[in-house]
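Below is the file my_file_21.pdb, which contains PDB, C-alpha atoms (C1' of nucleotides).
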```
ATOM      1  CA  MET A 453       1.148  -3.719   3.996
ATOM      2  CA  GLN A 454       2.663  -4.861   0.786
ATOM      3  CA  LYS A 455       6.149  -6.250   0.868
ATOM      4  CA  ASN A 456       7.792  -6.723  -2.482
ATOM      5  CA  PRO A 457      10.899  -8.536  -3.483
ATOM      6  CA  VAL A 458      13.553  -5.948  -4.146
ATOM      7  CA  GLN A 459      12.966  -5.231  -7.785
ATOM      8  CA  CYS A 460      13.104  -1.547  -7.814
ATOM      9  CA  GLN A 461      14.343   1.312  -5.697
ATOM     10  CA  PHE A 462      10.955   2.948  -5.680
ATOM     11  CA  VAL A 463       9.527  -0.054  -4.050
ATOM     12  CA  VAL A 464      12.246  -0.234  -1.442
ATOM     13  CA  ALA A 465      11.644   3.368  -0.551
ATOM     14  CA  LEU A 466       7.880   3.077  -0.525
ATOM     15  CA  ASP A 467       7.888  -0.011   1.636
ATOM     16  CA  SER A 468       9.485   2.057   4.355
ATOM     17  CA  ILE A 469       6.921   4.787   4.447
ATOM     18  CA  VAL A 470       3.761   3.171   3.226
ATOM     19  CA  GLY A 471       1.168   1.482   5.268
ATOM     20  CA  LYS A 472      -2.093   3.021   6.145
ATOM     21  CA  TRP A 473      -0.652   4.915   9.081
ATOM     22  CA  LYS A 474       3.062   5.294   8.606
ATOM     23  CA  PRO A 475       3.036   8.676   6.896
ATOM     24  CA  ILE A 476       0.939  10.124   9.690
ATOM     25  CA  ILE A 477       3.087   8.596  12.381
ATOM     26  CA  LEU A 478       6.177   9.954  10.667
ATOM     27  CA  TYR A 479       4.552  13.322  10.223
ATOM     28  CA  HIS A 480       4.179  13.668  13.967
ATOM     29  CA  LEU A 481       7.598  12.313  14.836
ATOM     30  CA  LEU A 482       9.314  14.404  12.182
ATOM     31  CA  GLN A 483       8.310  17.465  14.180
ATOM     32  CA  GLY A 484      11.176  16.355  16.384
ATOM     33  CA  LYS A 485       9.104  15.553  19.410
ATOM     34  CA  THR A 486       9.467  12.447  21.495
ATOM     35  CA  LEU A 487       6.125  10.770  21.981
ATOM     36  CA  ARG A 488       4.867   8.008  24.180
ATOM     37  CA  PHE A 489       2.746   5.179  22.857
ATOM     38  CA  ASN A 490      -0.522   6.559  24.090
ATOM     39  CA  GLU A 491       0.348  10.061  23.025
ATOM     40  CA  LEU A 492       0.660   8.792  19.488
ATOM     41  CA  ARG A 493      -2.579   6.923  19.918
ATOM     42  CA  ARG A 494      -4.341  10.114  20.853
ATOM     43  CA  LEU A 495      -2.875  11.847  17.821
ATOM     44  CA  LEU A 496      -4.236   9.088  15.588
ATOM     45  CA  PRO A 497      -7.661   8.552  17.071
ATOM     46  CA  ASP A 498      -8.794   5.922  14.586
ATOM     47  CA  ILE A 499      -5.851   3.610  14.786
ATOM     48  CA  THR A 500      -6.118   0.462  16.843
ATOM     49  CA  GLN A 501      -3.489  -0.438  19.384
ATOM     50  CA  ARG A 502      -2.541  -3.399  17.311
ATOM     51  CA  MET A 503      -1.982  -1.401  14.122
ATOM     52  CA  LEU A 504      -0.003   1.255  15.943
ATOM     53  CA  THR A 505       2.231  -1.368  17.478
ATOM     54  CA  LEU A 506       2.776  -3.112  14.145
ATOM     55  CA  HIS A 507       3.660   0.026  12.277
ATOM     56  CA  LEU A 508       5.933   1.315  14.993
ATOM     57  CA  ARG A 509       7.759  -2.001  15.034
ATOM     58  CA  GLU A 510       8.296  -1.882  11.307
ATOM     59  CA  LEU A 511       9.615   1.644  11.461
ATOM     60  CA  GLU A 512      11.894   0.660  14.309
ATOM     61  CA  GLU A 513      13.100  -2.340  12.355
ATOM     62  CA  GLU A 514      14.264  -0.020   9.611
ATOM     63  CA  GLU A 515      15.872   2.310  12.137
ATOM     64  CA  ILE A 516      13.669   5.158  11.055
ATOM     65  CA  ILE A 517      12.414   5.581  14.595
ATOM     66  CA  LYS A 518      13.897   4.829  17.982
ATOM     67  CA  ARG A 519      12.098   3.036  20.778
ATOM     68  CA  VAL A 520      13.209   3.583  24.355
ATOM     69  CA  ILE A 521      11.753   1.511  27.152
ATOM     70  CA  TYR A 522      11.781   2.767  30.719
ATOM     71  CA  PRO A 523      11.567  -0.189  33.066
ATOM     72  CA  GLN A 524       8.925   1.169  35.370
ATOM     73  CA  ILE A 525       5.348   0.565  36.237
ATOM     74  CA  PRO A 526       3.100   1.610  34.665
ATOM     75  CA  PRO A 527       5.256   1.131  31.591
ATOM     76  CA  LYS A 528       6.761   4.004  29.688
ATOM     77  CA  VAL A 529       7.986   3.745  26.134
ATOM     78  CA  GLU A 530       9.161   6.670  24.096
ATOM     79  CA  TYR A 531       9.308   6.981  20.350
ATOM     80  CA  SER A 532      11.342   9.460  18.386
ATOM     81  CA  ILE A 533      12.717   9.931  14.912
ATOM     82  CA  THR A 534      16.288   8.834  14.332
ATOM     83  CA  GLU A 535      18.845  10.861  12.471
ATOM     84  CA  TYR A 536      18.458   8.397   9.656
ATOM     85  CA  GLY A 537      14.696   8.811   9.773
ATOM     86  CA  MET A 538      15.197  12.513   9.305
ATOM     87  CA  SER A 539      16.406  11.753   5.796
ATOM     88  CA  LEU A 540      12.798  10.991   4.956
ATOM     89  CA  SER A 541      11.855  14.558   5.685
ATOM     90  CA  PRO A 542      12.231  15.896   2.122
ATOM     91  CA  ILE A 543      10.180  13.037   0.711
ATOM     92  CA  LEU A 544       7.381  13.513   3.175
ATOM     93  CA  GLU A 545       7.505  17.245   2.656
ATOM     94  CA  THR A 546       7.278  16.990  -1.145
ATOM     95  CA  LEU A 547       4.604  14.382  -0.813
ATOM     96  CA  HIS A 548       2.599  16.527   1.528
ATOM     97  CA  GLN A 549       2.784  19.514  -0.757
ATOM     98  CA  TRP A 550       1.703  17.462  -3.716
ATOM     99  CA  GLY A 551      -1.158  16.071  -1.686
ATOM    100  CA  VAL A 552      -2.371  19.541  -0.817
ATOM    101  CA  ALA A 553      -2.229  20.645  -4.435
ATOM    102  CA  HIS A 554      -3.910  17.450  -5.572
ATOM    103  CA  VAL A 555      -6.832  17.927  -3.224
ATOM    104  CA  GLU A 556      -7.229  21.538  -4.299
ATOM    105  CA  ARG A 557      -7.196  20.483  -7.925
ATOM    106  CA  LYS A 558      -9.891  17.917  -7.313
ATOM    107  CA  GLN A 559     -12.095  20.386  -5.484
ATOM    108  CA  LEU A 560     -11.666  22.952  -8.209
ATOM    109  CA  LYS A 561     -12.664  20.376 -10.752
ATOM    110  CA  LYS A 562     -15.675  19.342  -8.747
ATOM    111  CA  ALA A 563     -16.774  22.950  -8.329
ATOM    112  CA  ASN A 564     -16.462  23.487 -12.068
ATOM    113  CA  ASN A 565     -18.578  20.456 -12.828
ATOM    114  CA  GLU A 566     -21.316  21.559 -10.472
ATOM    115  CA  GLN A 567     -21.220  24.975 -12.053
ATOM    116  CA  ILE A 568     -21.837  23.469 -15.470
ATOM    117  CA  GLU A 569     -24.594  21.196 -14.249
ATOM    118  CA  THR A 570     -26.591  23.975 -12.644
ATOM    119  CA  ASP A 571     -26.194  26.362 -15.549
TER     120      ASP A 571
ATOM    121  CA  MET B 309      -4.395  -1.003  -3.117
ATOM    122  CA  GLN B 310      -5.489   0.733   0.012
ATOM    123  CA  LYS B 311      -7.884   3.600  -0.361
ATOM    124  CA  ASN B 312      -8.306   5.817   2.633
ATOM    125  CA  PRO B 313     -10.864   8.405   3.441
ATOM    126  CA  VAL B 314      -9.217  11.742   2.984
ATOM    127  CA  GLN B 315      -7.726  12.226   6.416
ATOM    128  CA  CYS B 316      -4.381  13.424   5.509
ATOM    129  CA  GLN B 317      -2.527  14.896   2.561
ATOM    130  CA  PHE B 318       0.124  12.248   2.744
ATOM    131  CA  VAL B 319      -2.450   9.648   2.150
ATOM    132  CA  VAL B 320      -3.971  11.489  -0.762
ATOM    133  CA  ALA B 321      -0.591  11.779  -2.391
ATOM    134  CA  LEU B 322       0.417   8.218  -1.643
ATOM    135  CA  ASP B 323      -2.799   6.783  -2.964
ATOM    136  CA  SER B 324      -1.942   8.231  -6.327
ATOM    137  CA  ILE B 325       1.465   6.719  -6.675
ATOM    138  CA  VAL B 326       1.328   3.632  -4.571
ATOM    139  CA  GLY B 327       0.265   0.259  -5.646
ATOM    140  CA  LYS B 328       2.651  -2.504  -6.257
ATOM    141  CA  TRP B 329       3.362  -1.382  -9.802
ATOM    142  CA  LYS B 330       2.510   2.282 -10.097
ATOM    143  CA  PRO B 331       5.956   3.668  -9.354
ATOM    144  CA  ILE B 332       7.488   1.439 -12.016
ATOM    145  CA  ILE B 333       4.821   2.299 -14.557
ATOM    146  CA  LEU B 334       5.326   5.971 -13.828
ATOM    147  CA  TYR B 335       9.058   5.574 -13.983
ATOM    148  CA  HIS B 336       8.788   4.384 -17.568
ATOM    149  CA  LEU B 337       6.206   6.912 -18.635
ATOM    150  CA  LEU B 338       8.044   9.777 -16.958
ATOM    151  CA  GLN B 339      10.810   9.241 -19.481
ATOM    152  CA  GLY B 340       8.381  10.975 -21.794
ATOM    153  CA  LYS B 341       7.776   8.043 -24.093
ATOM    154  CA  THR B 342       4.386   6.952 -25.301
ATOM    155  CA  LEU B 343       3.890   3.261 -24.745
ATOM    156  CA  ARG B 344       1.340   0.732 -25.881
ATOM    157  CA  PHE B 345      -0.258  -1.706 -23.491
ATOM    158  CA  ASN B 346       1.892  -4.629 -24.460
ATOM    159  CA  GLU B 347       5.029  -2.540 -24.542
ATOM    160  CA  LEU B 348       4.435  -1.723 -20.896
ATOM    161  CA  ARG B 349       3.750  -5.356 -20.227
ATOM    162  CA  ARG B 350       7.111  -6.289 -21.654
ATOM    163  CA  LEU B 351       8.789  -3.648 -19.505
ATOM    164  CA  LEU B 352       7.179  -5.120 -16.383
ATOM    165  CA  PRO B 353       7.598  -8.825 -17.029
ATOM    166  CA  ASP B 354       6.035  -9.985 -13.788
ATOM    167  CA  ILE B 355       2.851  -8.003 -13.906
ATOM    168  CA  THR B 356      -0.378  -9.691 -14.940
ATOM    169  CA  GLN B 357      -2.601  -8.172 -17.590
ATOM    170  CA  ARG B 358      -5.256  -7.552 -15.026
ATOM    171  CA  MET B 359      -2.971  -5.713 -12.646
ATOM    172  CA  LEU B 360      -1.569  -3.594 -15.441
ATOM    173  CA  THR B 361      -5.056  -2.698 -16.580
ATOM    174  CA  LEU B 362      -6.199  -1.849 -13.076
ATOM    175  CA  HIS B 363      -3.243   0.354 -12.295
ATOM    176  CA  LEU B 364      -3.378   2.128 -15.626
ATOM    177  CA  ARG B 365      -7.053   2.851 -15.106
ATOM    178  CA  GLU B 366      -6.420   4.311 -11.695
ATOM    179  CA  LEU B 367      -3.660   6.522 -13.001
ATOM    180  CA  GLU B 368      -5.898   7.598 -15.848
ATOM    181  CA  GLU B 369      -8.711   8.338 -13.425
ATOM    182  CA  GLU B 370      -6.458  10.796 -11.634
ATOM    183  CA  GLU B 371      -5.340  12.307 -14.898
ATOM    184  CA  ILE B 372      -1.759  11.363 -14.246
ATOM    185  CA  ILE B 373      -1.602   9.433 -17.483
ATOM    186  CA  LYS B 374      -3.457   9.734 -20.770
ATOM    187  CA  ARG B 375      -5.021   6.837 -22.654
ATOM    188  CA  VAL B 376      -5.583   7.108 -26.364
ATOM    189  CA  ILE B 377      -7.551   4.452 -28.190
ATOM    190  CA  TYR B 378      -7.110   3.952 -31.900
ATOM    191  CA  PRO B 379     -10.224   2.307 -33.311
ATOM    192  CA  GLN B 380      -8.495  -0.311 -35.363
ATOM    193  CA  ILE B 381      -8.000  -4.006 -35.393
ATOM    194  CA  PRO B 382      -5.995  -5.407 -33.808
ATOM    195  CA  PRO B 383      -6.547  -2.817 -31.115
ATOM    196  CA  LYS B 384      -4.055  -0.091 -30.353
ATOM    197  CA  VAL B 385      -4.015   1.881 -27.143
ATOM    198  CA  GLU B 386      -1.317   4.324 -26.210
ATOM    199  CA  TYR B 387      -0.361   5.514 -22.771
ATOM    200  CA  SER B 388       1.603   8.603 -21.921
ATOM    201  CA  ILE B 389       2.232  10.891 -18.983
ATOM    202  CA  THR B 390       0.105  14.030 -18.754
ATOM    203  CA  GLU B 391       1.432  17.446 -17.963
ATOM    204  CA  TYR B 392      -0.153  17.085 -14.565
ATOM    205  CA  GLY B 393       1.479  13.697 -14.135
ATOM    206  CA  MET B 394       4.819  15.364 -14.714
ATOM    207  CA  SER B 395       4.324  17.133 -11.400
ATOM    208  CA  LEU B 396       5.023  13.784  -9.752
ATOM    209  CA  SER B 397       8.499  13.775 -11.162
ATOM    210  CA  PRO B 398      10.254  15.407  -8.186
ATOM    211  CA  ILE B 399       8.560  13.038  -5.759
ATOM    212  CA  LEU B 400       9.519   9.987  -7.723
ATOM    213  CA  GLU B 401      13.029  11.317  -8.143
ATOM    214  CA  THR B 402      13.500  11.975  -4.413
ATOM    215  CA  LEU B 403      11.961   8.642  -3.629
ATOM    216  CA  HIS B 404      14.236   6.850  -6.008
ATOM    217  CA  GLN B 405      17.313   8.482  -4.571
ATOM    218  CA  TRP B 406      16.276   7.591  -1.074
ATOM    219  CA  GLY B 407      15.640   4.024  -2.186
ATOM    220  CA  VAL B 408      19.118   3.742  -3.622
ATOM    221  CA  ALA B 409      20.689   5.088  -0.452
ATOM    222  CA  HIS B 410      18.498   2.859   1.695
ATOM    223  CA  VAL B 411      19.576  -0.265  -0.157
ATOM    224  CA  GLU B 412      23.218   0.718   0.092
ATOM    225  CA  ARG B 413      22.841   1.320   3.787
ATOM    226  CA  LYS B 414      21.275  -2.086   4.296
ATOM    227  CA  GLN B 415      24.028  -3.804   2.378
ATOM    228  CA  LEU B 416      26.712  -1.969   4.294
ATOM    229  CA  LYS B 417      25.102  -3.033   7.528
ATOM    230  CA  LYS B 418      24.827  -6.611   6.395
ATOM    231  CA  ALA B 419      28.486  -6.645   5.381
ATOM    232  CA  ASN B 420      29.480  -5.259   8.771
ATOM    233  CA  ASN B 421      27.515  -7.917  10.608
ATOM    234  CA  GLU B 422      29.109 -10.697   8.613
ATOM    235  CA  GLN B 423      32.505  -9.192   9.347
ATOM    236  CA  ILE B 424      31.850  -9.351  13.072
ATOM    237  CA  GLU B 425      30.489 -12.878  12.969
ATOM    238  CA  THR B 426      33.506 -14.296  11.178
ATOM    239  CA  ASP B 427      36.046 -12.525  13.398
TER     240      ASP B 427
ATOM    241  C1'  DT C 749      -7.224 -23.188 -42.787
ATOM    242  C1'  DG C 750      -4.633 -22.334 -38.782
ATOM    243  C1'  DG C 751      -1.877 -19.459 -35.986
ATOM    244  C1'  DT C 752      -0.532 -14.885 -34.067
ATOM    245  C1'  DA C 753      -0.970 -10.232 -32.187
ATOM    246  C1'  DT C 754      -3.737  -6.804 -29.809
ATOM    247  C1'  DA C 755      -6.081  -5.003 -25.518
ATOM    248  C1'  DG C 756      -8.458  -6.257 -22.792
ATOM    249  C1'  DT C 757     -12.728  -8.800 -19.390
ATOM    250  C1'  DA C 758     -14.595 -12.404 -16.232
ATOM    251  C1'  DT C 759     -14.172 -15.528 -12.746
ATOM    252  C1'  DT C 760     -12.248 -17.717  -9.049
ATOM    253  C1'  DA C 761      -8.684 -18.438  -5.674
ATOM    254  C1'  DA C 762      -5.073 -17.078  -2.632
ATOM    255  C1'  DA C 763      -2.464 -13.944   0.034
ATOM    256  C1'  DA C 764      -1.811  -9.784   2.543
ATOM    257  C1'  DA C 765      -3.331  -6.066   5.268
ATOM    258  C1'  DA C 766      -6.312  -4.151   8.483
ATOM    259  C1'  DG C 767      -9.727  -4.318  12.122
ATOM    260  C1'  DG C 768     -12.105  -5.957  16.569
ATOM    261  C1'  DT C 769     -12.232  -7.716  20.983
ATOM    262  C1'  DA C 770     -10.512  -9.473  25.006
ATOM    263  C1'  DC C 771      -6.810  -9.926  28.052
ATOM    264  C1'  DT C 772      -2.242  -9.113  30.796
ATOM    265  C1'  DG C 773       0.406  -6.996  35.276
ATOM    266  C1'  DT C 774       1.122  -3.434  38.443
ATOM    267  C1'  DA C 775       1.196   1.138  40.640
ATOM    268  C1'  DA C 776      -1.187   5.027  42.094
ATOM    269  C1'  DA C 777      -5.425   7.695  42.717
ATOM    270  C1'  DG C 778      -9.940   8.081  44.581
TER     271       DG C 778
ATOM    272  C1'  DC D 249     -11.748  -1.811  47.247
ATOM    273  C1'  DT D 250     -12.386  -0.279  42.643
ATOM    274  C1'  DT D 251     -10.868   2.163  38.867
ATOM    275  C1'  DT D 252      -7.570   4.102  35.741
ATOM    276  C1'  DA D 253      -3.305   4.501  33.088
ATOM    277  C1'  DC D 254       0.189   2.285  30.621
ATOM    278  C1'  DA D 255       2.050  -0.561  26.695
ATOM    279  C1'  DG D 256       1.253  -3.825  24.847
ATOM    280  C1'  DT D 257      -0.121  -9.403  23.206
ATOM    281  C1'  DA D 258      -3.282 -13.148  21.461
ATOM    282  C1'  DC D 259      -6.697 -14.614  18.716
ATOM    283  C1'  DC D 260     -10.036 -14.259  15.234
ATOM    284  C1'  DT D 261     -12.669 -11.966  11.400
ATOM    285  C1'  DT D 262     -13.217  -8.978   7.595
ATOM    286  C1'  DT D 263     -11.645  -6.368   3.817
ATOM    287  C1'  DT D 264      -8.534  -5.358   0.279
ATOM    288  C1'  DT D 265      -5.020  -6.747  -3.108
ATOM    289  C1'  DT D 266      -2.982  -9.646  -5.976
ATOM    290  C1'  DA D 267      -2.646 -13.755  -8.778
ATOM    291  C1'  DA D 268      -3.999 -17.382 -12.088
ATOM    292  C1'  DT D 269      -6.574 -18.970 -15.718
ATOM    293  C1'  DA D 270      -9.600 -18.900 -19.387
ATOM    294  C1'  DC D 271     -11.964 -16.280 -22.653
ATOM    295  C1'  DT D 272     -13.389 -12.396 -26.233
ATOM    296  C1'  DA D 273     -13.115 -10.299 -31.381
ATOM    297  C1'  DT D 274     -10.889  -9.620 -35.657
ATOM    298  C1'  DA D 275      -7.331  -8.465 -39.037
ATOM    299  C1'  DC D 276      -3.220 -10.132 -41.017
ATOM    300  C1'  DC D 277       0.188 -13.656 -42.431
ATOM    301  C1'  DA D 278       1.622 -18.052 -44.243
TER     302       DA D 278
END
```
Just give me the structure of the file as structure tokens.
Amino acid sequence: MQKNPVQCQFVVALDSIVGKWKPIILYHLLQGKTLRFNELRRLLPDITQRMLTLHLRELEEEEIIKRVIYPQIPPKVEYSITEYGMSLSPILETLHQWGVAHVERKQLKKANNEQIETD
Amino acid sequence: MQKNPVQCQFVVALDSIVGKWKPIILYHLLQGKTLRFNELRRLLPDITQRMLTLHLRELEEEEIIKRVIYPQIPPKVEYSITEYGMSLSPILETLHQWGVAHVERKQLKKANNEQIETD
DNA sequence: TGGTATAGTATTAAAAAAGGTACTGTAAAG
DNA sequence: CTTTACAGTACCTTTTTTAATACTATACCA
């Protein structure tokens, strides 16, 4: 993921939530549920263990999520959103809505083009 | 910039505004001004011509910005936000606010740590 | 005649991000 | 006795982004 020198507040904000998988991870955790490592893995079927670990660590580093280790075998580690992480909720929500509208707009456009071509 | 298959609305939305420079480009254009290529370049001193071109083309592709070419020499090309691009305004605004708060929080934390260390 | 401004493109190189595979230790289930 | 679940780590490769440099055409200015 891109890491920029702090030049701009946009960039600071985006660094925290961007990465191929972070928005999806946050989406699940923002539901308020506590999830174990493999539970998250099942929710994101295409992510590799390595990528999940890396992204979770970065989110933890920024205190957006909380990582709780239970010292037992087999291991148990739980992830949940922090109160601070909750402050991302409006951004993700707005972003999600825009994404939905953007996809609809594209499909509408595509449909229109096909209409014209087959006329 | 990362381009994902459409798996998730977050990703669709993020693809449109992420890229090392897109938020800053949009920030300037969302002021409503029309800017020429080199004017933008002067506003983003560290960007290379190539990167500016690439990002502008991507934003144009998504109809977030408009590119108007004046057939004259030396060349003149003007960039401005589209009406559709304006719909990104709330996202960028929320993002910016969060960025500001996030930086403040980090600095506060850093100050606290230094306080403890020197005690 | 030489230099400057404009909006780029082309090419190559470097850096960053993501992906793939194999491996770990241990308890419990079958 | 073998397999499975768990939560990773280590190592290496591939892909994607970004950067750096040189180059284009032509009108205008001195």
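Using only C-alpha atoms, the smallest distance between any of A:Leu544, A:Val552, A:Met503, A:Leu495 and Gln317 of chain B comes from A:Val552.
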Env of Asn490 of chain A: 9 Å cut, atoms = all atoms listed in the file, seq-sep filter 5 positions within chain, self excluded. Answer as a compact mmCIF listing (two decimals) with C-alpha atoms (C1' of nucleotides), keeping the file's coordinate frame.
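Saved result, selection.txt, follows:
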```txt
# COMPACT_ATOMS: atom_id res chain seq x y z
CA LEU A 495 -2.88 11.85 17.82
CA GLN A 501 -3.49 -0.44 19.38
C1' DC D 254 0.19 2.28 30.62
C1' DA D 255 2.05 -0.56 26.70
```
Lay chain A over chain B using all C-alpha atoms, matched one to one in order, with a least-squares fit; then write it out as an mmCIF file with C-alpha atoms, keeping the file's coordinate frame.
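What landed in out34.cif:
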```cif
data_model
loop_
_atom_site.group_PDB
_atom_site.id
_atom_site.type_symbol
_atom_site.label_atom_id
_atom_site.label_comp_id
_atom_site.auth_asym_id
_atom_site.auth_seq_id
_atom_site.Cartn_x
_atom_site.Cartn_y
_atom_site.Cartn_z
ATOM 1 C CA MET A 453 -4.458 -1.002 -3.015
ATOM 2 C CA GLN A 454 -5.451 0.876 0.050
ATOM 3 C CA LYS A 455 -7.934 3.668 -0.310
ATOM 4 C CA ASN A 456 -8.328 5.894 2.696
ATOM 5 C CA PRO A 457 -10.879 8.486 3.541
ATOM 6 C CA VAL A 458 -9.274 11.856 3.039
ATOM 7 C CA GLN A 459 -7.759 12.443 6.424
ATOM 8 C CA CYS A 460 -4.400 13.649 5.499
ATOM 9 C CA GLN A 461 -2.562 15.088 2.543
ATOM 10 C CA PHE A 462 0.097 12.434 2.729
ATOM 11 C CA VAL A 463 -2.481 9.831 2.194
ATOM 12 C CA VAL A 464 -4.040 11.628 -0.733
ATOM 13 C CA ALA A 465 -0.670 11.894 -2.378
ATOM 14 C CA LEU A 466 0.337 8.330 -1.647
ATOM 15 C CA ASP A 467 -2.904 6.893 -2.926
ATOM 16 C CA SER A 468 -2.027 8.280 -6.321
ATOM 17 C CA ILE A 469 1.349 6.685 -6.631
ATOM 18 C CA VAL A 470 1.151 3.608 -4.490
ATOM 19 C CA GLY A 471 0.108 0.208 -5.537
ATOM 20 C CA LYS A 472 2.480 -2.576 -6.167
ATOM 21 C CA TRP A 473 3.211 -1.438 -9.696
ATOM 22 C CA LYS A 474 2.383 2.220 -10.013
ATOM 23 C CA PRO A 475 5.821 3.612 -9.233
ATOM 24 C CA ILE A 476 7.369 1.391 -11.874
ATOM 25 C CA ILE A 477 4.745 2.249 -14.437
ATOM 26 C CA LEU A 478 5.255 5.928 -13.709
ATOM 27 C CA TYR A 479 8.996 5.521 -13.840
ATOM 28 C CA HIS A 480 8.770 4.330 -17.419
ATOM 29 C CA LEU A 481 6.201 6.871 -18.524
ATOM 30 C CA LEU A 482 8.024 9.734 -16.838
ATOM 31 C CA GLN A 483 10.832 9.193 -19.326
ATOM 32 C CA GLY A 484 8.437 10.957 -21.662
ATOM 33 C CA LYS A 485 7.858 8.046 -23.961
ATOM 34 C CA THR A 486 4.493 6.951 -25.227
ATOM 35 C CA LEU A 487 3.995 3.256 -24.661
ATOM 36 C CA ARG A 488 1.478 0.736 -25.829
ATOM 37 C CA PHE A 489 -0.174 -1.709 -23.475
ATOM 38 C CA ASN A 490 1.990 -4.635 -24.402
ATOM 39 C CA GLU A 491 5.118 -2.545 -24.428
ATOM 40 C CA LEU A 492 4.475 -1.731 -20.803
ATOM 41 C CA ARG A 493 3.775 -5.372 -20.154
ATOM 42 C CA ARG A 494 7.152 -6.307 -21.527
ATOM 43 C CA LEU A 495 8.797 -3.683 -19.346
ATOM 44 C CA LEU A 496 7.114 -5.177 -16.283
ATOM 45 C CA PRO A 497 7.518 -8.868 -16.937
ATOM 46 C CA ASP A 498 5.922 -10.050 -13.707
ATOM 47 C CA ILE A 499 2.751 -8.057 -13.849
ATOM 48 C CA THR A 500 -0.433 -9.740 -14.964
ATOM 49 C CA GLN A 501 -2.615 -8.218 -17.629
ATOM 50 C CA ARG A 502 -5.298 -7.680 -15.085
ATOM 51 C CA MET A 503 -3.072 -5.777 -12.657
ATOM 52 C CA LEU A 504 -1.620 -3.639 -15.416
ATOM 53 C CA THR A 505 -5.077 -2.728 -16.620
ATOM 54 C CA LEU A 506 -6.273 -1.890 -13.111
ATOM 55 C CA HIS A 507 -3.342 0.311 -12.285
ATOM 56 C CA LEU A 508 -3.413 2.096 -15.604
ATOM 57 C CA ARG A 509 -7.103 2.806 -15.139
ATOM 58 C CA GLU A 510 -6.506 4.279 -11.723
ATOM 59 C CA LEU A 511 -3.728 6.483 -12.996
ATOM 60 C CA GLU A 512 -5.923 7.579 -15.869
ATOM 61 C CA GLU A 513 -8.751 8.314 -13.475
ATOM 62 C CA GLU A 514 -6.513 10.757 -11.661
ATOM 63 C CA GLU A 515 -5.363 12.279 -14.940
ATOM 64 C CA ILE A 516 -1.790 11.348 -14.229
ATOM 65 C CA ILE A 517 -1.608 9.418 -17.473
ATOM 66 C CA LYS A 518 -3.415 9.711 -20.773
ATOM 67 C CA ARG A 519 -4.960 6.823 -22.654
ATOM 68 C CA VAL A 520 -5.475 7.102 -26.393
ATOM 69 C CA ILE A 521 -7.395 4.449 -28.267
ATOM 70 C CA TYR A 522 -6.885 3.938 -31.979
ATOM 71 C CA PRO A 523 -9.962 2.287 -33.428
ATOM 72 C CA GLN A 524 -8.224 -0.339 -35.481
ATOM 73 C CA ILE A 525 -7.720 -4.034 -35.505
ATOM 74 C CA PRO A 526 -5.709 -5.407 -33.866
ATOM 75 C CA PRO A 527 -6.332 -2.780 -31.214
ATOM 76 C CA LYS A 528 -3.851 -0.074 -30.401
ATOM 77 C CA VAL A 529 -3.868 1.880 -27.179
ATOM 78 C CA GLU A 530 -1.202 4.330 -26.190
ATOM 79 C CA TYR A 531 -0.293 5.504 -22.734
ATOM 80 C CA SER A 532 1.656 8.598 -21.860
ATOM 81 C CA ILE A 533 2.247 10.883 -18.925
ATOM 82 C CA THR A 534 0.124 14.005 -18.744
ATOM 83 C CA GLU A 535 1.459 17.425 -17.949
ATOM 84 C CA TYR A 536 -0.178 17.063 -14.582
ATOM 85 C CA GLY A 537 1.463 13.683 -14.116
ATOM 86 C CA MET A 538 4.793 15.340 -14.693
ATOM 87 C CA SER A 539 4.311 17.122 -11.385
ATOM 88 C CA LEU A 540 4.985 13.784 -9.741
ATOM 89 C CA SER A 541 8.468 13.767 -11.161
ATOM 90 C CA PRO A 542 10.215 15.404 -8.178
ATOM 91 C CA ILE A 543 8.526 13.037 -5.746
ATOM 92 C CA LEU A 544 9.476 9.969 -7.701
ATOM 93 C CA GLU A 545 12.971 11.300 -8.169
ATOM 94 C CA THR A 546 13.496 11.978 -4.450
ATOM 95 C CA LEU A 547 11.938 8.668 -3.625
ATOM 96 C CA HIS A 548 14.180 6.850 -6.027
ATOM 97 C CA GLN A 549 17.285 8.467 -4.640
ATOM 98 C CA TRP A 550 16.289 7.621 -1.114
ATOM 99 C CA GLY A 551 15.614 4.063 -2.176
ATOM 100 C CA VAL A 552 19.074 3.733 -3.655
ATOM 101 C CA ALA A 553 20.694 5.101 -0.519
ATOM 102 C CA HIS A 554 18.521 2.908 1.670
ATOM 103 C CA VAL A 555 19.533 -0.244 -0.152
ATOM 104 C CA GLU A 556 23.195 0.712 0.033
ATOM 105 C CA ARG A 557 22.861 1.353 3.740
ATOM 106 C CA LYS A 558 21.299 -2.035 4.292
ATOM 107 C CA GLN A 559 23.999 -3.813 2.331
ATOM 108 C CA LEU A 560 26.711 -1.982 4.198
ATOM 109 C CA LYS A 561 25.129 -3.009 7.445
ATOM 110 C CA LYS A 562 24.839 -6.595 6.345
ATOM 111 C CA ALA A 563 28.468 -6.665 5.239
ATOM 112 C CA ASN A 564 29.529 -5.276 8.602
ATOM 113 C CA ASN A 565 27.587 -7.918 10.470
ATOM 114 C CA GLU A 566 29.114 -10.719 8.449
ATOM 115 C CA GLN A 567 32.518 -9.237 9.075
ATOM 116 C CA ILE A 568 31.952 -9.380 12.815
ATOM 117 C CA GLU A 569 30.572 -12.894 12.725
ATOM 118 C CA THR A 570 33.528 -14.335 10.862
ATOM 119 C CA ASP A 571 36.118 -12.539 12.951
#
```
- Message: Give me, as JSON, numbers by chain, the residues of chain D touching chain B, with the criterion being at most 12 Å (counting all atoms listed in the file).
- Response: {"D": [263, 264, 265, 266, 267, 268, 269, 273, 274, 275, 276]}
- Query: Near Ser397 of chain B, counting all atoms listed in the file, which residues have an atom at most 9 Å away, once you skip same-chain residues fewer than 3 positions from it, shown as a PyMOL selection string?
  - Reply: chain B and resi 334-335+338+393-394+400-402
